[in-house]
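Next comes query04.csv, with CSV, C-alpha atoms and all ligand atoms.
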chain,number,residue,atom,x,y,z
A,1,MET,CA,92.6,90.0,89.4
A,2,VAL,CA,94.5,89.2,92.6
A,3,LYS,CA,93.6,86.6,95.2
A,4,LEU,CA,95.1,87.3,98.5
A,5,ARG,CA,95.3,85.0,101.5
A,6,ALA,CA,95.3,86.0,105.1
A,7,ARG,CA,95.5,84.2,108.4
A,8,CYS,CA,93.2,86.0,110.9
A,9,LEU,CA,93.4,85.3,114.6
A,10,LEU,CA,90.2,85.7,116.7
A,11,ALA,CA,91.5,86.4,120.2
A,12,GLY,CA,89.9,87.5,123.5
A,13,ASP,CA,88.7,86.1,126.8
A,14,ALA,CA,86.5,83.0,127.2
A,15,ALA,CA,82.8,83.4,126.4
A,16,VAL,CA,83.1,86.9,124.8
A,17,GLY,CA,81.5,85.5,121.7
A,18,LYS,CA,84.4,84.7,119.3
A,19,SER,CA,83.0,81.5,118.1
A,20,ALA,CA,79.5,83.0,117.8
A,21,LEU,CA,80.9,85.8,115.6
A,22,SER,CA,83.0,83.6,113.4
A,23,HIS,CA,80.0,81.3,112.8
A,24,MET,CA,77.8,84.2,111.9
A,25,PHE,CA,80.4,85.5,109.5
A,26,HIS,CA,81.0,82.1,108.0
A,27,SER,CA,77.4,81.1,107.6
A,28,ASP,CA,76.2,84.6,106.5
A,29,GLY,CA,74.2,85.1,109.6
A,30,THR,CA,72.1,81.9,109.8
A,31,LEU,CA,73.7,80.2,112.8
A,32,PHE,CA,73.6,81.6,116.3
A,33,GLN,CA,74.3,79.2,119.1
A,34,LYS,CA,72.6,80.2,122.3
A,35,ASN,CA,74.2,77.6,124.5
A,36,TYR,CA,77.8,78.2,125.4
A,37,SER,CA,80.1,75.5,124.1
A,38,MET,CA,83.7,76.3,125.0
A,39,THR,CA,86.4,76.1,122.3
A,40,THR,CA,89.2,74.0,123.7
A,41,GLY,CA,91.7,74.2,120.8
A,42,VAL,CA,91.7,76.2,117.6
A,43,GLU,CA,89.0,76.0,115.0
A,44,LEU,CA,89.7,77.0,111.5
A,45,LEU,CA,87.1,78.6,109.2
A,46,MET,CA,87.7,79.8,105.7
A,47,LYS,CA,85.7,82.6,103.9
A,48,CYS,CA,86.4,84.4,100.7
A,49,VAL,CA,85.7,88.2,100.7
A,50,ASN,CA,85.4,90.2,97.5
A,51,ILE,CA,86.9,93.7,97.7
A,52,PRO,CA,84.3,96.2,96.5
A,53,GLU,CA,85.1,98.0,93.2
A,54,THR,CA,87.9,95.6,92.3
A,55,ASN,CA,88.2,92.1,90.9
A,56,ASP,CA,90.3,91.2,93.8
A,57,SER,CA,89.4,89.0,96.8
A,58,VAL,CA,90.8,87.9,100.1
A,59,GLU,CA,90.6,84.4,101.4
A,60,LEU,CA,90.4,84.7,105.2
A,61,TYR,CA,91.6,81.7,107.2
A,62,ILE,CA,90.0,82.5,110.5
A,63,ILE,CA,91.6,81.0,113.5
A,64,ASP,CA,89.1,80.8,116.4
A,65,SER,CA,91.3,80.2,119.4
A,66,ALA,CA,90.2,79.2,122.9
A,67,GLY,CA,90.0,82.1,125.3
A,68,LYS,CA,90.3,80.1,128.5
A,69,GLU,CA,93.5,81.0,130.2
A,70,THR,CA,94.8,77.5,130.8
A,71,LEU,CA,94.3,76.6,127.1
A,72,VAL,CA,95.9,79.7,125.5
A,73,GLU,CA,99.5,78.6,125.6
A,74,ALA,CA,98.8,75.3,123.8
A,75,CYS,CA,96.6,77.1,121.3
A,76,GLU,CA,99.3,79.7,120.5
A,77,LYS,CA,101.4,77.0,119.0
A,78,MET,CA,98.8,76.5,116.3
A,79,TRP,CA,98.3,80.2,115.4
A,80,GLY,CA,101.1,80.1,112.8
A,81,GLU,CA,102.2,83.2,111.0
A,82,LEU,CA,99.4,85.8,111.5
A,83,SER,CA,98.3,88.3,108.9
A,84,LEU,CA,95.4,89.9,110.8
A,85,LEU,CA,94.0,90.2,114.3
A,86,CYS,CA,90.4,90.4,115.5
A,87,LEU,CA,90.4,91.1,119.3
A,88,VAL,CA,87.1,90.5,120.9
A,89,PHE,CA,85.7,91.5,124.3
A,90,ASP,CA,82.2,91.4,125.9
A,91,LEU,CA,80.6,94.8,126.4
A,92,THR,CA,78.9,93.5,129.5
A,93,SER,CA,82.3,92.5,131.1
A,94,GLU,CA,84.7,95.2,132.2
A,95,GLN,CA,87.2,92.4,132.9
A,96,SER,CA,87.2,91.1,129.4
A,97,PHE,CA,88.0,94.6,128.2
A,98,ALA,CA,90.8,95.1,130.7
A,99,ASN,CA,92.4,91.8,129.6
A,100,CYS,CA,92.6,93.1,126.0
A,101,SER,CA,96.0,94.7,126.7
A,102,GLY,CA,97.3,91.3,127.8
A,103,TRP,CA,96.1,89.8,124.6
A,104,MET,CA,97.7,92.5,122.6
A,105,GLU,CA,101.0,91.8,124.3
A,106,ARG,CA,100.8,88.1,123.5
A,107,VAL,CA,99.9,88.7,119.9
A,108,ARG,CA,102.7,91.3,119.4
A,109,ALA,CA,105.3,89.0,120.9
A,110,HIS,CA,104.0,86.2,118.7
A,111,CYS,CA,104.3,88.3,115.5
A,112,GLN,CA,108.0,89.3,116.2
A,113,GLY,CA,107.9,92.8,114.8
A,114,LEU,CA,105.7,92.0,111.8
A,115,GLN,CA,103.0,94.6,111.7
A,116,VAL,CA,99.5,93.0,111.8
A,117,PRO,CA,96.4,95.1,110.9
A,118,GLY,CA,93.8,94.6,113.6
A,119,VAL,CA,90.3,95.5,114.9
A,120,LEU,CA,88.9,95.6,118.4
A,121,VAL,CA,85.4,94.3,118.7
A,122,GLY,CA,82.9,94.9,121.5
A,123,ASN,CA,80.4,92.1,121.3
A,124,LYS,CA,76.9,91.5,122.8
A,125,SER,CA,75.7,95.1,122.1
A,126,ASP,CA,72.1,93.6,122.4
A,127,LEU,CA,72.5,93.4,126.2
A,128,SER,CA,72.4,97.2,126.5
A,129,ALA,CA,71.1,97.2,130.1
A,130,ARG,CA,74.1,95.2,131.3
A,131,ARG,CA,76.8,97.3,129.4
A,132,GLU,CA,79.9,97.9,131.5
A,133,VAL,CA,82.2,99.3,128.8
A,134,GLN,CA,81.4,102.7,127.2
A,135,ALA,CA,82.0,103.0,123.4
A,136,SER,CA,84.1,106.1,123.9
A,137,VAL,CA,86.5,104.4,126.3
A,138,ALA,CA,86.9,101.3,124.0
A,139,GLN,CA,87.3,103.5,121.0
A,140,GLU,CA,90.1,105.5,122.7
A,141,TRP,CA,92.0,102.4,123.7
A,142,ALA,CA,91.6,100.9,120.3
A,143,GLN,CA,93.0,104.0,118.7
A,144,SER,CA,96.0,104.0,121.0
A,145,GLN,CA,96.8,100.4,119.9
A,146,GLY,CA,96.3,101.2,116.2
A,147,LEU,CA,93.1,99.1,116.0
A,148,GLU,CA,89.8,100.0,114.4
A,149,TYR,CA,86.8,99.7,116.7
A,150,HIS,CA,83.5,97.9,116.0
A,151,GLU,CA,80.5,96.9,118.1
A,152,THR,CA,78.6,93.8,117.2
A,153,SER,CA,75.8,91.6,118.4
A,154,ALA,CA,76.2,88.0,117.2
A,155,ARG,CA,72.8,87.3,118.7
A,156,GLU,CA,70.9,90.0,116.8
A,157,MET,CA,73.1,89.7,113.7
A,158,GLU,CA,74.1,93.3,114.2
A,159,ASN,CA,77.2,94.5,112.3
A,160,CYS,CA,78.8,91.0,112.5
A,161,ASP,CA,80.4,91.2,109.0
A,162,ALA,CA,81.9,94.6,109.5
A,163,PRO,CA,85.1,93.7,111.5
A,164,LEU,CA,86.2,91.0,109.2
A,165,LEU,CA,85.3,92.9,106.0
A,166,SER,CA,87.3,95.9,107.3
A,167,LEU,CA,90.3,93.6,108.0
A,168,ALA,CA,90.1,92.1,104.5
A,169,ARG,CA,90.1,95.6,103.0
A,170,ALA,CA,93.0,96.6,105.2
A,171,PHE,CA,95.0,93.6,104.0
A,172,HIS,CA,94.2,94.5,100.4
A,173,SER,CA,95.4,98.1,100.9
A,174,LEU,CA,98.6,96.8,102.5
A,175,TYR,CA,99.2,94.6,99.5
A,176,GLN,CA,98.7,97.5,97.1
A,177,GLU,CA,101.1,99.7,99.1
A,178,ARG,CA,103.7,97.0,99.2
A,179,ARG,CA,103.4,96.3,95.5
A,180,GLU,CA,104.0,99.9,94.8
A,181,THR,CA,107.1,99.9,97.1
A,182,ILE,CA,108.4,96.8,95.3
A,183,GLN,CA,107.9,98.4,91.9
A,184,ASN,CA,110.1,101.2,92.9
A,185,LEU,CA,113.0,99.2,94.3
A,186,SER,CA,116.5,99.5,92.9
A,187,PRO,CA,118.6,96.5,92.1
A,188,GLY,CA,120.7,94.9,94.8
B,1,MET,CA,127.0,90.2,81.4
B,2,ILE,CA,126.3,87.4,79.0
B,3,ASP,CA,124.2,85.7,81.5
B,4,SER,CA,121.2,84.4,79.5
B,5,SER,CA,117.9,84.1,81.3
B,6,LEU,CA,116.7,80.7,82.4
B,7,SER,CA,113.6,81.0,80.3
B,8,SER,CA,115.6,81.6,77.1
B,9,LEU,CA,117.3,78.3,77.9
B,10,GLY,CA,114.0,76.5,78.0
B,11,ALA,CA,113.3,76.5,81.8
B,12,LYS,CA,109.8,76.9,83.1
B,13,VAL,CA,108.2,77.8,86.4
B,14,VAL,CA,105.8,74.9,86.8
B,15,VAL,CA,104.2,75.6,90.2
B,16,ALA,CA,103.8,78.8,92.2
B,17,ALA,CA,101.8,79.0,95.4
B,18,SER,CA,100.1,82.3,94.7
B,19,SER,CA,99.9,84.9,92.0
B,20,ASP,CA,98.8,88.3,90.9
B,21,GLU,CA,98.0,88.3,87.2
B,22,ASN,CA,100.2,91.3,86.7
B,23,HIS,CA,103.2,89.7,88.4
B,24,PRO,CA,103.2,86.1,87.2
B,25,PRO,CA,105.8,83.5,88.2
B,26,GLU,CA,107.4,83.6,84.7
B,27,ASN,CA,108.9,86.9,85.8
B,28,ILE,CA,111.3,85.0,88.1
B,29,ILE,CA,113.2,83.4,85.2
B,30,ASP,CA,113.0,86.2,82.5
B,31,GLY,CA,116.4,87.4,83.6
B,32,ASN,CA,115.1,90.9,84.3
B,33,THR,CA,115.1,92.3,87.9
B,34,LYS,CA,112.5,94.9,86.9
B,35,THR,CA,109.8,92.3,86.6
B,36,PHE,CA,108.9,90.1,89.6
B,37,TRP,CA,106.6,87.5,91.0
B,38,MET,CA,104.9,88.6,94.2
B,39,SER,CA,103.4,86.4,96.9
B,40,THR,CA,99.8,87.3,97.9
B,41,GLY,CA,99.8,86.4,101.6
B,42,MET,CA,100.6,83.7,104.2
B,43,PHE,CA,103.7,81.4,104.4
B,44,PRO,CA,105.1,79.1,103.3
B,45,GLN,CA,105.3,80.2,99.6
B,46,GLU,CA,106.9,78.1,96.9
B,47,PHE,CA,107.8,77.9,93.3
B,48,ILE,CA,109.3,75.1,91.2
B,49,ILE,CA,111.6,75.6,88.2
B,50,ARG,CA,111.9,72.9,85.6
B,51,PHE,CA,114.9,72.7,83.4
B,52,ALA,CA,114.8,71.6,79.8
B,53,GLU,CA,117.3,68.9,80.6
B,54,PRO,CA,119.1,67.7,83.7
B,55,LYS,CA,121.6,70.3,84.8
B,56,LYS,CA,124.7,70.3,87.0
B,57,ILE,CA,124.4,73.3,89.2
B,58,SER,CA,127.2,74.9,91.2
B,59,ALA,CA,125.2,77.8,92.5
B,60,VAL,CA,121.9,79.7,92.2
B,61,THR,CA,121.6,83.5,92.5
B,62,VAL,CA,118.3,84.9,93.9
B,63,ASP,CA,117.2,88.6,93.7
B,64,SER,CA,114.3,89.1,96.0
B,65,TYR,CA,112.7,91.4,98.5
B,66,ASN,CA,111.6,90.7,102.1
B,67,VAL,CA,112.5,87.0,102.0
B,68,LYS,CA,113.7,85.9,105.4
B,69,HIS,CA,114.2,82.1,105.1
B,70,LEU,CA,114.6,80.1,101.9
B,71,LYS,CA,114.8,76.3,101.5
B,72,ILE,CA,115.9,74.7,98.3
B,73,GLU,CA,115.0,71.2,97.2
B,74,LYS,CA,115.7,69.3,94.0
B,75,ASN,CA,114.9,66.2,92.1
B,76,THR,CA,116.2,64.4,89.0
B,77,SER,CA,112.9,63.0,87.8
B,78,GLN,CA,110.6,64.1,85.0
B,79,ASN,CA,107.8,65.0,87.5
B,80,ALA,CA,107.6,67.8,90.0
B,81,SER,CA,107.5,65.4,93.0
B,82,GLN,CA,109.7,63.6,95.4
B,83,PHE,CA,112.1,66.3,96.3
B,84,GLU,CA,115.2,66.0,98.4
B,85,SER,CA,116.4,69.0,100.4
B,86,VAL,CA,119.7,70.6,99.2
B,87,THR,CA,120.2,73.6,101.4
B,88,GLU,CA,118.6,76.5,103.2
B,89,LYS,CA,119.5,80.1,103.9
B,90,GLU,CA,118.5,83.0,106.0
B,91,PHE,CA,118.5,86.3,104.0
B,92,GLU,CA,119.5,89.7,105.3
B,93,HIS,CA,116.8,92.3,105.4
B,94,THR,CA,117.2,95.1,102.9
B,95,GLU,CA,115.4,98.5,102.7
B,96,GLY,CA,114.9,100.2,99.4
B,97,HIS,CA,116.8,97.8,97.3
B,98,LEU,CA,116.7,94.1,96.4
B,99,GLN,CA,118.2,91.3,98.3
B,100,SER,CA,120.9,89.6,96.2
B,101,ASN,CA,122.1,86.2,97.3
B,102,ALA,CA,124.3,83.5,95.9
B,103,ILE,CA,123.7,80.0,97.2
B,104,SER,CA,126.1,77.2,96.6
B,105,LEU,CA,124.6,73.9,95.4
B,106,ASN,CA,127.9,72.0,95.1
B,107,GLY,CA,127.4,70.9,91.6
B,108,SER,CA,124.2,68.9,92.3
B,109,SER,CA,122.4,67.6,89.3
B,110,ALA,CA,118.7,68.5,88.9
B,111,THR,CA,115.8,68.6,86.6
B,112,HIS,CA,113.6,70.5,89.1
B,113,LEU,CA,114.5,73.0,91.8
B,114,ARG,CA,111.9,73.8,94.4
B,115,PHE,CA,112.2,77.1,96.3
B,116,ILE,CA,110.3,77.3,99.6
B,117,ILE,CA,110.0,80.6,101.3
B,118,THR,CA,109.2,79.7,104.9
B,119,THR,CA,109.1,83.2,106.4
B,120,GLY,CA,109.4,86.8,105.3
B,121,TYR,CA,110.2,90.2,106.8
B,122,ASP,CA,106.7,91.3,105.7
B,123,HIS,CA,103.4,89.7,104.7
B,124,PHE,CA,104.4,89.9,101.1
B,125,VAL,CA,107.6,88.9,99.4
B,126,SER,CA,108.8,89.2,95.8
B,127,VAL,CA,111.3,87.3,93.7
B,128,HIS,CA,112.7,89.2,90.8
B,129,ARG,CA,115.3,86.9,89.3
B,130,VAL,CA,116.7,83.4,89.8
B,131,ASN,CA,119.7,82.3,87.8
B,132,VAL,CA,121.9,79.2,87.9
B,133,GLN,CA,125.6,78.8,87.5
B,134,ASN,CA,126.8,75.5,85.9
A,201,LIG,N1,73.4,88.1,124.2
A,201,LIG,C1,74.4,87.7,123.5
A,201,LIG,N2,75.1,86.6,123.7
A,201,LIG,C2,76.1,86.2,122.9
A,201,LIG,C3,76.5,87.0,121.8
A,201,LIG,N3,77.6,86.4,121.3
A,201,LIG,C4,77.8,85.3,121.9
A,201,LIG,N4,76.9,85.1,122.9
A,201,LIG,C5,76.8,84.0,123.9
A,201,LIG,O1,77.9,84.0,124.7
A,201,LIG,C6,78.3,82.7,125.0
A,201,LIG,C7,79.8,82.5,124.6
A,201,LIG,O2,79.9,82.6,123.2
A,201,LIG,P1,81.1,81.9,122.4
A,201,LIG,O3,81.0,82.3,121.0
A,201,LIG,O4,81.1,80.4,122.6
A,201,LIG,O5,82.4,82.5,123.2
A,201,LIG,P2,83.9,82.3,122.8
A,201,LIG,O6,84.5,83.7,122.9
A,201,LIG,O7,84.1,81.5,121.6
A,201,LIG,O8,84.5,81.5,124.1
A,201,LIG,P3,85.7,80.4,124.2
A,201,LIG,O9,85.5,79.5,123.1
A,201,LIG,O10,85.6,79.8,125.5
A,201,LIG,O11,87.0,81.3,124.0
A,201,LIG,C8,77.4,81.8,124.3
A,201,LIG,O12,76.4,81.4,125.2
A,201,LIG,C9,76.8,82.6,123.2
A,201,LIG,O13,75.5,82.3,122.9
A,201,LIG,C10,75.8,88.2,121.6
A,201,LIG,O14,76.1,89.0,120.7
A,201,LIG,N5,74.8,88.5,122.5
A,202,MG,MG,84.9,79.7,121.2
Any chance you could give the structure as structure tokens?
Ligand SMILES: Nc1nc2c(ncn2[C@@H]2O[C@H](COP(=O)(O)OP(=O)(O)OP(=O)(O)O)[C@@H](O)[C@H]2O)c(=O)[nH]1
Ligand SMILES: [Mg+2]
Amino acid sequence: MVKLRARCLLAGDAAVGKSALSHMFHSDGTLFQKNYSMTTGVELLMKCVNIPETNDSVELYIIDSAGKETLVEACEKMWGELSLLCLVFDLTSEQSFANCSGWMERVRAHCQGLQVPGVLVGNKSDLSARREVQASVAQEWAQSQGLEYHETSAREMENCDAPLLSLARAFHSLYQERRETIQNLSPG
Amino acid sequence: MIDSSLSSLGAKVVVAASSDENHPPENIIDGNTKTFWMSTGMFPQEFIIRFAEPKKISAVTVDSYNVKHLKIEKNTSQNASQFESVTEKEFEHTEGHLQSNAISLNGSSATHLRFIITTGYDHFVSVHRVNVQN
């Protein structure tokens, strides 16, 4: 039995639905807030995820960080050492998708060469009539960045758990890989 | 070498921040670099070694992997609390083999040594052996 711990950053533009997604995940889909209430700092949520077919689990410390441009710099100081990244955009906003590369740059610089497994999430899939970003385009960009792509609707509780569950599994695989490497090391 | 392991001298690891059942913190002081304690995510990570009796320590040697920055604190009390800092060190990155570092403690006397790993070269770090020179 192994209990892993990971610090997972939720990043992306303002109002794309980061807080909505993290609350849905944290409350197992019972809490959708319709009225927008902007996050102005960072909010920390903890959730323990069991890894299927093992006795292992991952404690996710989810850092829901403000998306508003003027707040980002102050928030970054509270990110700490990141283990995982969940980058969110709004499927009905081309701009929020275009800004994802800026977010990637910021996160990469923050992590200083440490490889951080990540997912890209297109949220608000319920607003299909207003969709501005095609799944194939998002998928392709995600792949070019080494991110796994997911679409969600926090409002309809569609697929909300998938991104964070997949991150927990990725972290668990990484642990097993590293443990294997360490077992095969030669003495200094 | 006639270096006996810390555990054979009655030392114990009394606290470790995280653990994998298969790689418990006791592996740090068994004198064997084949066995190890591995961190399970996030920093800082720490472990505390308690000696059977107060010990004068000139240096500690640490065999590890992917540790970037290590701080060492000590105390001379019976409890694992109220530590004072002794020294800190940045380790070199190694690939394929263990990091092996000797850290001078200038003959400080201690009953507990606290090792705080503040950052790593990877998400997970391992400590294979800690030994002390009197
Ligand atoms: N239709 C729809 N609306 C959503 C969905 N997810 C979030 N919203 C709404 O979008 C607005 C913004 O959501 P938040 O979760 O506060 O956005 P945020 O990314 O945390 O924004 P900041 O805190 O400013 O960075 C709110 O009014 C939510 O109700 C969704 O899946 N579908
Ligand atoms: Mg928010």
Handout entry: Neighbours of point (122.6, 78.0, 96.7) within 9 Å, using all atoms listed in the file, written as a PyMOL selection string
Key = chain B and resi 58-62+72+86-89+101-106+132
Exercise for the section: Select the residues contacting ligand LIG 201 (chain A) at a distance of at most 7 Å, based on all atoms listed in the file, then format the selection as a PyMOL selection string. Expected result: chain A and resi 12-21+32-40+65-68+123-127+152-156
Problem - Residue hits in chain A, query chain B, radius 12 Å, all atoms listed in the file, as an MDAnalysis selection string - result: chainID A and resid 1:8 55:61 79:84 111:117 168 171:172 174:188
Problem - Val14 in chain B surroundings by all atoms listed in the file, 7 Å radius, close-in-sequence under 5 positions cut, as an MDAnalysis selection string - result: chainID B and resid 48:50
Problem - Distance in Å - CA of Ser4 in chain B versus CA of Ser108 in chain B - result: 20.3 Å
Problem - From B:Ala80, B:Ala52, B:Ala11, B:Ile116, residue lying nearest Val67 in chain B [all atoms listed in the file] - result: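 Closest to Val67 in chain B, using all atoms listed in the file: B:Ile116.
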Practice task
Enter the distance from CA of Pro54 in chain B to CA of Ala110 in chain B, in Å, rounded to one decimal.
Solution key: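 Separation of CA of Pro54 in chain B and CA of Ala110 in chain B: 5.3 Å.
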Practice task
May I ask which of the residues B:Gln78, B:Gln45, B:Gln133, B:Ser85 is the closest one to Ile117 in chain B, counting all atoms listed in the file?
Solution key: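 Distance minimum relative to Ile117 in chain B lands on B:Gln45.
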Handout entry: Distance in Å - CA of Pro25 in chain B versus CA of Phe47 in chain B
Key =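 These atoms are spaced 7.8 Å apart.
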Completion exercise
ligand MG 202 (chain A) proximity check over A:Ser96, A:Arg131, A:Asp64, A:Lys47, using only C-alpha atoms and all ligand atoms: winner is A:Asp64
Practice task
Find the residue from B:Val130, B:Ile28, B:Leu6, B:Leu113 that sits nearest to Gln82 in chain B; use all atoms listed in the file when measuring.
Solution key: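 The shortest atom-to-atom distance to Gln82 in chain B comes from B:Leu113.
Each of A:Asp161, A:Glu43, A:Asp90, A:Glu140 was checked against ligand MG 202 (chain A) using all atoms listed in the file; the smallest atom-to-atom distance is that of A:Glu43.
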